[in-house]
>>> print(open('data-v3.pdb').read())   # PDB, C-alpha atoms
ATOM      1  CA  MET A 269     -98.476  -4.673  59.807
ATOM      2  CA  ARG A 270     -95.189  -6.397  58.965
ATOM      3  CA  LYS A 271     -94.734  -4.127  55.957
ATOM      4  CA  LYS A 272     -95.207  -1.069  58.162
ATOM      5  CA  ILE A 273     -92.497  -2.338  60.529
ATOM      6  CA  VAL A 274     -90.073  -2.755  57.607
ATOM      7  CA  TRP A 275     -90.945   0.694  56.172
ATOM      8  CA  CYS A 276     -90.330   2.223  59.626
ATOM      9  CA  CYS A 277     -86.941   0.454  59.894
ATOM     10  CA  ILE A 278     -85.951   1.738  56.449
ATOM     11  CA  GLY A 279     -87.104   5.241  57.416
ATOM     12  CA  VAL A 280     -85.004   5.155  60.594
ATOM     13  CA  VAL A 281     -81.953   3.878  58.655
ATOM     14  CA  PHE A 282     -82.429   6.655  56.075
ATOM     15  CA  VAL A 283     -82.787   9.464  58.629
ATOM     16  CA  VAL A 284     -79.933   8.262  60.860
ATOM     17  CA  SER A 285     -77.644   7.751  57.836
ATOM     18  CA  SER A 286     -78.528  11.199  56.450
ATOM     19  CA  VAL A 287     -77.696  12.950  59.730
ATOM     20  CA  TRP A 288     -74.544  10.859  60.139
ATOM     21  CA  SER A 289     -73.457  11.630  56.557
ATOM     22  CA  PHE A 290     -74.045  15.340  57.123
ATOM     23  CA  LEU A 291     -71.901  15.287  60.283
ATOM     24  CA  ILE A 292     -69.134  13.367  58.478
ATOM     25  CA  VAL A 293     -69.101  15.654  55.429
ATOM     26  CA  CYS A 294     -69.183  18.815  57.540
ATOM     27  CA  SER A 295     -66.454  17.825  59.983
ATOM     28  CA  PRO A 296     -63.490  20.248  59.803
ATOM     29  CA  PRO A 297     -60.139  19.284  58.260
ATOM     30  CA  GLY A 298     -57.214  18.166  60.414
ATOM     31  CA  HIS A 299     -53.531  19.001  60.081
ATOM     32  CA  ARG A 300     -51.544  15.778  59.734
ATOM     33  CA  VAL A 301     -52.317  13.585  56.727
ATOM     34  CA  GLU A 302     -51.539   9.899  56.374
ATOM     35  CA  ILE A 303     -51.305   8.103  53.042
ATOM     36  CA  VAL A 304     -52.112   4.457  53.656
ATOM     37  CA  GLN A 305     -51.874   1.482  51.325
ATOM     38  CA  LYS A 306     -53.272  -1.796  52.679
ATOM     39  CA  ASP A 307     -52.456  -1.400  56.398
ATOM     40  CA  VAL A 308     -49.126   0.360  55.867
ATOM     41  CA  VAL A 309     -48.678   4.123  56.284
ATOM     42  CA  VAL A 310     -46.719   5.006  53.139
ATOM     43  CA  LYS A 311     -46.263   8.660  54.032
ATOM     44  CA  SER A 312     -47.236  11.033  56.838
ATOM     45  CA  ILE A 313     -47.350  14.760  56.124
ATOM     46  CA  ASP A 314     -48.034  17.840  58.247
ATOM     47  CA  LEU A 315     -50.077  19.993  55.834
ATOM     48  CA  ASP A 316     -49.387  23.196  57.803
ATOM     49  CA  HIS A 317     -45.674  22.921  57.046
ATOM     50  CA  ALA A 318     -45.710  20.909  53.823
ATOM     51  CA  LYS A 319     -44.027  22.334  50.750
ATOM     52  CA  ASN A 320     -45.825  22.282  47.435
ATOM     53  CA  GLU A 321     -44.985  18.991  45.774
ATOM     54  CA  GLU A 322     -46.280  16.129  43.681
ATOM     55  CA  PHE A 323     -45.372  12.497  44.175
ATOM     56  CA  VAL A 324     -46.463   9.108  42.900
ATOM     57  CA  VAL A 325     -47.662   6.155  44.978
ATOM     58  CA  TYR A 326     -47.412   2.865  43.100
ATOM     59  CA  TYR A 327     -49.644  -0.177  43.397
ATOM     60  CA  GLY A 328     -48.201  -2.909  41.196
ATOM     61  CA  GLU A 329     -48.190  -1.468  37.694
ATOM     62  CA  SER A 330     -50.840   1.103  38.585
ATOM     63  CA  SER A 331     -50.279   4.378  40.410
ATOM     64  CA  ASN A 332     -51.792   7.524  41.923
ATOM     65  CA  THR A 333     -50.196  10.957  41.653
ATOM     66  CA  ILE A 334     -50.776  12.976  44.825
ATOM     67  CA  HIS A 335     -50.560  16.758  44.754
ATOM     68  CA  ILE A 336     -49.931  19.051  47.730
ATOM     69  CA  GLU A 337     -50.361  22.791  47.307
ATOM     70  CA  ASP A 338     -50.960  25.592  49.829
ATOM     71  CA  GLY A 339     -51.721  23.147  52.637
ATOM     72  CA  GLU A 340     -54.222  21.126  50.628
ATOM     73  CA  ILE A 341     -53.931  17.615  49.260
ATOM     74  CA  TRP A 342     -55.644  15.779  46.408
ATOM     75  CA  VAL A 343     -55.138  13.077  43.797
ATOM     76  CA  SER A 344     -54.214  14.794  40.538
ATOM     77  CA  GLN A 345     -53.753  11.706  38.360
ATOM     78  CA  ALA A 346     -54.631   8.055  38.713
ATOM     79  CA  GLN A 347     -54.306   4.934  36.629
ATOM     80  CA  CYS A 348     -57.323   3.267  38.224
ATOM     81  CA  PRO A 349     -60.295   2.487  35.942
ATOM     82  CA  ASP A 350     -62.914   4.729  37.599
ATOM     83  CA  HIS A 351     -60.852   7.835  38.593
ATOM     84  CA  ILE A 352     -63.207   8.393  41.533
ATOM     85  CA  CYS A 353     -60.223   9.327  43.732
ATOM     86  CA  MET A 354     -59.468  12.231  41.349
ATOM     87  CA  LYS A 355     -63.098  13.362  41.224
ATOM     88  CA  MET A 356     -63.294  13.399  45.026
ATOM     89  CA  GLY A 357     -61.193  16.569  44.969
ATOM     90  CA  LYS A 358     -59.330  17.976  47.944
ATOM     91  CA  LEU A 359     -59.242  16.276  51.320
ATOM     92  CA  SER A 360     -61.473  18.540  53.395
ATOM     93  CA  SER A 361     -63.145  16.503  56.122
ATOM     94  CA  GLU A 362     -61.445  14.869  59.089
ATOM     95  CA  ASN A 363     -63.763  11.875  58.865
ATOM     96  CA  LEU A 364     -64.060  11.416  55.118
ATOM     97  CA  PRO A 365     -60.886  10.084  53.501
ATOM     98  CA  ILE A 366     -60.018  10.082  49.804
ATOM     99  CA  VAL A 367     -60.193   6.445  48.755
ATOM    100  CA  CYS A 368     -58.957   4.674  45.633
ATOM    101  CA  LEU A 369     -60.435   1.193  45.911
ATOM    102  CA  PRO A 370     -58.691  -0.336  42.858
ATOM    103  CA  ASN A 371     -55.255   0.812  44.074
ATOM    104  CA  HIS A 372     -56.023   0.132  47.757
ATOM    105  CA  LEU A 373     -55.070   3.708  48.648
ATOM    106  CA  ILE A 374     -56.467   5.866  51.437
ATOM    107  CA  ILE A 375     -55.550   9.507  52.121
ATOM    108  CA  ARG A 376     -56.894  10.596  55.493
ATOM    109  CA  PHE A 377     -56.302  12.974  58.342
ATOM    110  CA  ALA A 378     -54.427  11.267  61.184
ATOM    111  CA  GLU A 379     -56.200  11.145  64.545
TER     112      GLU A 379
ATOM    113  CA  MET B 245     -83.963 -28.222  38.091
ATOM    114  CA  SER B 246     -86.421 -28.377  35.186
ATOM    115  CA  PRO B 247     -85.252 -27.166  31.752
ATOM    116  CA  LYS B 248     -88.024 -24.572  31.824
ATOM    117  CA  LYS B 249     -86.793 -23.067  35.079
ATOM    118  CA  MET B 250     -83.191 -23.223  33.914
ATOM    119  CA  THR B 251     -84.123 -21.337  30.741
ATOM    120  CA  GLN B 252     -85.982 -18.669  32.714
ATOM    121  CA  LEU B 253     -83.026 -18.243  35.077
ATOM    122  CA  SER B 254     -80.594 -18.080  32.159
ATOM    123  CA  LEU B 255     -82.615 -15.351  30.448
ATOM    124  CA  LEU B 256     -82.819 -13.327  33.658
ATOM    125  CA  THR B 257     -79.064 -13.801  34.233
ATOM    126  CA  ALA B 258     -78.355 -12.545  30.705
ATOM    127  CA  ALA B 259     -80.616  -9.521  31.293
ATOM    128  CA  ALA B 260     -78.899  -8.780  34.636
ATOM    129  CA  LEU B 261     -75.465  -9.057  33.040
ATOM    130  CA  ILE B 262     -76.433  -6.696  30.222
ATOM    131  CA  LEU B 263     -77.810  -4.148  32.707
ATOM    132  CA  TYR B 264     -74.629  -4.461  34.780
ATOM    133  CA  LEU B 265     -72.397  -3.882  31.741
ATOM    134  CA  VAL B 266     -74.519  -1.005  30.411
ATOM    135  CA  GLU B 267     -74.367   0.726  33.799
ATOM    136  CA  LEU B 268     -70.565   0.475  33.812
ATOM    137  CA  GLN B 269     -70.458   2.636  30.676
ATOM    138  CA  PHE B 270     -71.899   5.625  32.546
ATOM    139  CA  PRO B 271     -69.634   7.669  34.816
ATOM    140  CA  ALA B 272     -70.385   7.584  38.555
ATOM    141  CA  PRO B 273     -73.008  10.295  39.299
ATOM    142  CA  ILE B 274     -71.467  11.156  42.677
ATOM    143  CA  PRO B 275     -67.719  10.736  43.231
ATOM    144  CA  VAL B 276     -67.940   8.344  46.166
ATOM    145  CA  PRO B 277     -66.481   4.840  45.941
ATOM    146  CA  GLY B 278     -69.204   2.199  45.652
ATOM    147  CA  ILE B 279     -72.080   4.497  44.631
ATOM    148  CA  LYS B 280     -74.117   3.201  41.716
ATOM    149  CA  LEU B 281     -77.703   2.808  40.666
ATOM    150  CA  GLY B 282     -77.517  -0.984  40.698
ATOM    151  CA  LEU B 283     -79.651  -1.687  37.635
ATOM    152  CA  ALA B 284     -78.839  -5.415  37.871
ATOM    153  CA  ASN B 285     -80.673  -5.307  41.202
ATOM    154  CA  ILE B 286     -83.943  -5.014  39.231
ATOM    155  CA  ILE B 287     -83.497  -8.586  38.016
ATOM    156  CA  THR B 288     -82.432  -9.857  41.445
ATOM    157  CA  VAL B 289     -85.622  -8.416  42.964
ATOM    158  CA  VAL B 290     -87.785 -10.067  40.295
ATOM    159  CA  ALA B 291     -85.922 -13.368  40.853
ATOM    160  CA  VAL B 292     -86.359 -13.174  44.635
ATOM    161  CA  GLU B 293     -90.092 -12.733  44.087
ATOM    162  CA  ARG B 294     -90.434 -15.608  41.586
ATOM    163  CA  PHE B 295     -87.842 -18.210  42.517
ATOM    164  CA  ARG B 296     -86.435 -20.007  45.525
ATOM    165  CA  VAL B 297     -83.436 -18.587  47.379
ATOM    166  CA  ARG B 298     -81.179 -21.330  45.976
ATOM    167  CA  GLU B 299     -82.150 -20.509  42.402
ATOM    168  CA  THR B 300     -81.799 -16.764  42.894
ATOM    169  CA  ALA B 301     -78.376 -17.335  44.494
ATOM    170  CA  LEU B 302     -77.355 -19.264  41.386
ATOM    171  CA  LEU B 303     -78.482 -16.395  39.141
ATOM    172  CA  VAL B 304     -76.643 -13.783  41.215
ATOM    173  CA  ALA B 305     -73.465 -15.904  41.453
ATOM    174  CA  VAL B 306     -73.307 -16.394  37.676
ATOM    175  CA  ARG B 307     -73.960 -12.679  37.108
ATOM    176  CA  VAL B 308     -71.225 -11.603  39.561
ATOM    177  CA  ILE B 309     -68.647 -14.061  38.186
ATOM    178  CA  LEU B 310     -69.374 -13.247  34.527
ATOM    179  CA  GLY B 311     -69.569  -9.523  35.326
ATOM    180  CA  ALA B 312     -66.080  -9.614  36.870
ATOM    181  CA  PHE B 313     -64.861 -11.729  33.957
ATOM    182  CA  PHE B 314     -66.140  -9.227  31.368
ATOM    183  CA  ALA B 315     -65.419  -5.947  33.067
ATOM    184  CA  GLY B 316     -63.752  -6.208  36.440
ATOM    185  CA  SER B 317     -60.711  -7.172  38.422
ATOM    186  CA  VAL B 318     -60.189  -9.518  41.375
ATOM    187  CA  SER B 319     -60.880  -6.772  43.913
ATOM    188  CA  THR B 320     -64.049  -5.531  42.154
ATOM    189  CA  PHE B 321     -65.205  -9.169  42.087
ATOM    190  CA  LEU B 322     -64.692  -9.405  45.853
ATOM    191  CA  PHE B 323     -66.616  -6.145  46.474
ATOM    192  CA  SER B 324     -69.443  -7.314  44.199
ATOM    193  CA  ALA B 325     -69.526 -10.779  45.759
ATOM    194  CA  GLY B 326     -69.596  -9.398  49.303
ATOM    195  CA  GLY B 327     -72.421  -7.053  48.336
ATOM    196  CA  ALA B 328     -74.359  -9.728  46.479
ATOM    197  CA  VAL B 329     -74.206 -12.253  49.338
ATOM    198  CA  CYS B 330     -75.428  -9.695  51.898
ATOM    199  CA  CYS B 331     -78.068  -8.361  49.479
ATOM    200  CA  LEU B 332     -79.470 -11.834  48.850
ATOM    201  CA  CYS B 333     -79.482 -12.702  52.560
ATOM    202  CA  GLY B 334     -81.316  -9.462  53.378
ATOM    203  CA  MET B 335     -83.917  -9.859  50.622
ATOM    204  CA  SER B 336     -84.532 -13.533  51.376
ATOM    205  CA  ALA B 337     -84.918 -12.892  55.103
ATOM    206  CA  LEU B 338     -87.351 -10.060  54.332
ATOM    207  CA  LYS B 339     -89.351 -12.259  51.940
ATOM    208  CA  ARG B 340     -89.645 -14.936  54.620
ATOM    209  CA  PHE B 341     -90.624 -12.322  57.220
ATOM    210  CA  LEU B 342     -93.294 -10.790  54.982
ATOM    211  CA  SER B 343     -94.672 -14.072  53.636
ATOM    212  CA  ALA B 344     -95.087 -15.375  57.201
ATOM    213  CA  GLY B 345     -97.768 -12.752  57.689
ATOM    214  CA  ARG B 346     -99.575 -13.534  54.435
ATOM    215  CA  THR B 347    -102.105 -16.158  53.458
ATOM    216  CA  SER B 348    -100.469 -18.931  51.444
ATOM    217  CA  GLY B 349    -100.819 -18.862  47.695
ATOM    218  CA  SER B 350    -101.381 -15.131  47.350
ATOM    219  CA  ARG B 351     -98.751 -13.267  45.343
ATOM    220  CA  SER B 352     -97.012 -10.348  47.021
ATOM    221  CA  GLY B 353     -97.635  -6.911  45.593
ATOM    222  CA  TYR B 354     -95.771  -4.093  43.945
ATOM    223  CA  LYS B 355     -94.862  -2.488  47.264
ATOM    224  CA  ASN B 356     -93.141  -5.650  48.456
ATOM    225  CA  LEU B 357     -90.763  -5.486  45.520
ATOM    226  CA  VAL B 358     -89.848  -1.927  46.462
ATOM    227  CA  LEU B 359     -89.230  -3.123  50.019
ATOM    228  CA  TYR B 360     -87.054  -6.018  48.795
ATOM    229  CA  SER B 361     -85.141  -3.640  46.574
ATOM    230  CA  VAL B 362     -84.438  -0.966  49.200
ATOM    231  CA  THR B 363     -83.477  -3.597  51.793
ATOM    232  CA  GLY B 364     -81.300  -5.357  49.223
ATOM    233  CA  ALA B 365     -79.554  -2.107  48.288
ATOM    234  CA  VAL B 366     -78.817  -1.242  51.925
ATOM    235  CA  PHE B 367     -77.519  -4.772  52.625
ATOM    236  CA  HIS B 368     -75.519  -4.700  49.388
ATOM    237  CA  ASN B 369     -73.733  -1.579  50.579
ATOM    238  CA  ILE B 370     -73.015  -3.143  53.974
ATOM    239  CA  GLY B 371     -71.536  -6.227  52.273
ATOM    240  CA  GLN B 372     -69.593  -4.152  49.787
ATOM    241  CA  ILE B 373     -68.024  -1.958  52.482
ATOM    242  CA  SER B 374     -67.233  -5.013  54.639
ATOM    243  CA  ALA B 375     -65.476  -6.634  51.671
ATOM    244  CA  ALA B 376     -63.607  -3.363  51.015
ATOM    245  CA  VAL B 377     -62.459  -3.203  54.661
ATOM    246  CA  LEU B 378     -61.205  -6.809  54.448
ATOM    247  CA  VAL B 379     -59.506  -6.346  51.071
ATOM    248  CA  MET B 380     -57.868  -3.031  51.988
ATOM    249  CA  ARG B 381     -57.135  -4.234  55.546
ATOM    250  CA  ASN B 382     -58.159  -0.789  56.727
ATOM    251  CA  PRO B 383     -61.383   0.434  58.363
ATOM    252  CA  GLY B 384     -61.015   3.883  56.715
ATOM    253  CA  VAL B 385     -63.595   3.111  54.009
ATOM    254  CA  LEU B 386     -66.232   2.536  56.728
ATOM    255  CA  ALA B 387     -66.627   6.332  56.786
ATOM    256  CA  TYR B 388     -68.545   6.008  53.512
ATOM    257  CA  LEU B 389     -71.124   3.578  54.888
ATOM    258  CA  PRO B 390     -73.694   6.212  55.987
ATOM    259  CA  VAL B 391     -73.393   8.027  52.642
ATOM    260  CA  LEU B 392     -73.842   4.725  50.803
ATOM    261  CA  MET B 393     -76.861   3.851  52.976
ATOM    262  CA  VAL B 394     -78.598   7.096  52.007
ATOM    263  CA  THR B 395     -77.888   6.698  48.299
ATOM    264  CA  GLY B 396     -78.696   2.968  48.592
ATOM    265  CA  CYS B 397     -82.198   3.791  49.880
ATOM    266  CA  VAL B 398     -82.816   6.171  46.956
ATOM    267  CA  ALA B 399     -81.337   3.825  44.332
ATOM    268  CA  GLY B 400     -83.226   0.892  45.874
ATOM    269  CA  LEU B 401     -86.486   2.833  45.602
ATOM    270  CA  PHE B 402     -85.824   3.455  41.908
ATOM    271  CA  THR B 403     -84.801  -0.122  41.069
ATOM    272  CA  GLY B 404     -87.736  -1.408  43.158
ATOM    273  CA  VAL B 405     -90.225   0.604  41.071
ATOM    274  CA  CYS B 406     -88.511  -0.677  37.896
ATOM    275  CA  ALA B 407     -88.695  -4.249  39.242
ATOM    276  CA  GLY B 408     -92.406  -3.746  39.917
ATOM    277  CA  GLU B 409     -92.945  -2.669  36.313
ATOM    278  CA  VAL B 410     -90.922  -5.631  35.016
ATOM    279  CA  GLU B 411     -92.843  -8.021  37.254
ATOM    280  CA  LYS B 412     -96.173  -6.686  35.922
ATOM    281  CA  ARG B 413     -95.115  -7.149  32.299
ATOM    282  CA  LEU B 414     -93.196 -10.426  32.564
ATOM    283  CA  PRO B 415     -95.685 -13.281  32.133
ATOM    284  CA  TYR B 416     -95.658 -16.292  34.458
ATOM    285  CA  VAL B 417     -95.001 -19.205  32.087
TER     286      VAL B 417
END
>>> encode(input="data-v3.pdb", output="structure tokens")
Amino acid sequence: MRKKIVWCCIGVVFVVSSVWSFLIVCSPPGHRVEIVQKDVVVKSIDLDHAKNEEFVVYYGESSNTIHIEDGEIWVSQAQCPDHICMKMGKLSSENLPIVCLPNHLIIRFAE
Amino acid sequence: MSPKKMTQLSLLTAAALILYLVELQFPAPIPVPGIKLGLANIITVVAVERFRVRETALLVAVRVILGAFFAGSVSTFLFSAGGAVCCLCGMSALKRFLSAGRTSGSRSGYKNLVLYSVTGAVFHNIGQISAAVLVMRNPGVLAYLPVLMVTGCVAGLFTGVCAGEVEKRLPYV
């Protein structure tokens, strides 16, 4: 009986998380992007009017190169060990930021 | 602690550390921060089943500290530690909850290990994300929690089945 309760709880967590994930991934992109390191907004950019550019955000001796082109933003180069921020590709969902955990960097759409 | 128990825990810690280091050599299957299979979790599940909470905590602590020493940084240590503490709390609470409904002396089955593993994986992700929020001083990473919960359930199922196989083959000395 107790096992069934636990299985049911896990099932509910799985279903709710799946639906929630789907809604997060499918949410549309915003317009204004914030680049945040720790709790400081390093840069705020309006993607609709941003010119194509590439700039570097430093974290100690490490860094992330951020690329903006045709109203889209992504991390083109990173000195972090896992490079997950690069593999995450372009910022496309309002609720799903690009995160570089080792360099404490978040690129997200501003509310 | 008896030398026999200490030796068993040391061997399991070494196995967990090897699994942890081997897993680091493979690239992340999905580009989401924090997603991994958690092969070291196999050993934690076996330890939760066989040892007391205190002893399992010792095993996990040594694995996390040595893991960070061999292959991590301060922040990865904090993420791992946050995940490990939550994972252990979740598994131990579940073991107590399940064993309360069982006759004393009987050993729990294969399915219990899968339950420990999935619960541990979900709690590990909660701890990991909480540590990330504290370290980065920003709640932005919380957005990944539901994604990590889904992958945690799947990875936990896999490591739970592996733990069941290990448990069957590892003799009680």
>>> resolve_selection(input="data-v3.pdb", expression="the PyMOL selection byres ((chain A and resi 307) around 6)", output="PyMOL selection string")
(chain A and resi 305-306+308) or (chain B and resi 381-382)
>>> residues_near_point(input="data-v3.pdb", point="(-64.3, -3.1, 41.2)", cutoff="10 Å", atoms="all atoms listed in the file", output="list in words")
Cys348, Pro349, Asp350, Leu369 and Pro370 of chain A; Pro277, Gly278, Ala312, Ala315, Gly316, Ser317, Val318, Ser319, Thr320, Phe321, Leu322, Phe323, Ser324 and Ala376 of chain B
>>> resolve_selection(input="data-v3.pdb", expression="the PyMOL selection byres ((chain A) within 10 of (chain B))", output="JSON, numbers by chain")
{"A": [269, 270, 271, 274, 275, 277, 278, 279, 281, 282, 283, 284, 285, 286, 287, 288, 289, 290, 292, 293, 304, 305, 306, 307, 308, 349, 350, 351, 352, 353, 354, 355, 356, 357, 363, 364, 365, 366, 367, 368, 369, 370, 371, 372, 373, 374, 375, 376]}
>>> write_last_selection(input="data-v3.pdb", atoms="C-alpha atoms", output="PDB file, in the coordinates of the input")
ATOM      1  CA  MET A 269     -98.476  -4.673  59.807  1.00  0.00           C
ATOM      2  CA  ARG A 270     -95.189  -6.397  58.965  1.00  0.00           C
ATOM      3  CA  LYS A 271     -94.734  -4.127  55.957  1.00  0.00           C
ATOM      4  CA  VAL A 274     -90.073  -2.755  57.607  1.00  0.00           C
ATOM      5  CA  TRP A 275     -90.945   0.694  56.172  1.00  0.00           C
ATOM      6  CA  CYS A 277     -86.941   0.454  59.894  1.00  0.00           C
ATOM      7  CA  ILE A 278     -85.951   1.738  56.449  1.00  0.00           C
ATOM      8  CA  GLY A 279     -87.104   5.241  57.416  1.00  0.00           C
ATOM      9  CA  VAL A 281     -81.953   3.878  58.655  1.00  0.00           C
ATOM     10  CA  PHE A 282     -82.429   6.655  56.075  1.00  0.00           C
ATOM     11  CA  VAL A 283     -82.787   9.464  58.629  1.00  0.00           C
ATOM     12  CA  VAL A 284     -79.933   8.262  60.860  1.00  0.00           C
ATOM     13  CA  SER A 285     -77.644   7.751  57.836  1.00  0.00           C
ATOM     14  CA  SER A 286     -78.528  11.199  56.450  1.00  0.00           C
ATOM     15  CA  VAL A 287     -77.696  12.950  59.730  1.00  0.00           C
ATOM     16  CA  TRP A 288     -74.544  10.859  60.139  1.00  0.00           C
ATOM     17  CA  SER A 289     -73.457  11.630  56.557  1.00  0.00           C
ATOM     18  CA  PHE A 290     -74.045  15.340  57.123  1.00  0.00           C
ATOM     19  CA  ILE A 292     -69.134  13.367  58.478  1.00  0.00           C
ATOM     20  CA  VAL A 293     -69.101  15.654  55.429  1.00  0.00           C
ATOM     21  CA  VAL A 304     -52.112   4.457  53.656  1.00  0.00           C
ATOM     22  CA  GLN A 305     -51.874   1.482  51.325  1.00  0.00           C
ATOM     23  CA  LYS A 306     -53.272  -1.796  52.679  1.00  0.00           C
ATOM     24  CA  ASP A 307     -52.456  -1.400  56.398  1.00  0.00           C
ATOM     25  CA  VAL A 308     -49.126   0.360  55.867  1.00  0.00           C
ATOM     26  CA  PRO A 349     -60.295   2.487  35.942  1.00  0.00           C
ATOM     27  CA  ASP A 350     -62.914   4.729  37.599  1.00  0.00           C
ATOM     28  CA  HIS A 351     -60.852   7.835  38.593  1.00  0.00           C
ATOM     29  CA  ILE A 352     -63.207   8.393  41.533  1.00  0.00           C
ATOM     30  CA  CYS A 353     -60.223   9.327  43.732  1.00  0.00           C
ATOM     31  CA  MET A 354     -59.468  12.231  41.349  1.00  0.00           C
ATOM     32  CA  LYS A 355     -63.098  13.362  41.224  1.00  0.00           C
ATOM     33  CA  MET A 356     -63.294  13.399  45.026  1.00  0.00           C
ATOM     34  CA  GLY A 357     -61.193  16.569  44.969  1.00  0.00           C
ATOM     35  CA  ASN A 363     -63.763  11.875  58.865  1.00  0.00           C
ATOM     36  CA  LEU A 364     -64.060  11.416  55.118  1.00  0.00           C
ATOM     37  CA  PRO A 365     -60.886  10.084  53.501  1.00  0.00           C
ATOM     38  CA  ILE A 366     -60.018  10.082  49.804  1.00  0.00           C
ATOM     39  CA  VAL A 367     -60.193   6.445  48.755  1.00  0.00           C
ATOM     40  CA  CYS A 368     -58.957   4.674  45.633  1.00  0.00           C
ATOM     41  CA  LEU A 369     -60.435   1.193  45.911  1.00  0.00           C
ATOM     42  CA  PRO A 370     -58.691  -0.336  42.858  1.00  0.00           C
ATOM     43  CA  ASN A 371     -55.255   0.812  44.074  1.00  0.00           C
ATOM     44  CA  HIS A 372     -56.023   0.132  47.757  1.00  0.00           C
ATOM     45  CA  LEU A 373     -55.070   3.708  48.648  1.00  0.00           C
ATOM     46  CA  ILE A 374     -56.467   5.866  51.437  1.00  0.00           C
ATOM     47  CA  ILE A 375     -55.550   9.507  52.121  1.00  0.00           C
ATOM     48  CA  ARG A 376     -56.894  10.596  55.493  1.00  0.00           C
TER      49      ARG A 376
END
>>> atom_distance(input="data-v3.pdb", atom1="CA of Arg413 (chain B)", atom2="CA of Ile287 (chain B)")
13.0 Å
>>> atom_distance(input="data-v3.pdb", atom1="CA of Glu362 (chain A)", atom2="CA of Gly371 (chain B)")
24.4 Å
>>> resolve_selection(input="data-v3.pdb", expression="the PyMOL selection byres ((chain B and resi 285) around 8)", output="PyMOL selection string")
chain B and resi 260+282-284+286-289+361+365+403
>>> residues_around(input="data-v3.pdb", residues="Asp316 (chain A)", least_positions_apart="4", cutoff="8 Å", atoms="all atoms listed in the file", output="ChimeraX atom specification")
/A:299-300,339
>>> residues_around(input="data-v3.pdb", residues="Ile334 (chain A)", least_positions_apart="4", cutoff="8 Å", atoms="all atoms listed in the file", output="number ranges by chain")
A: 322-325, 341-345
>>> closest_residue(input="data-v3.pdb", among="B:Ala328, B:Met250, B:Leu281, B:Leu265", to="Phe295 (chain B)", atoms="all atoms listed in the file")
B:Met250
>>> atom_distance(input="data-v3.pdb", atom1="CA of Ala337 (chain B)", atom2="CA of Ile370 (chain B)")
15.4 Å
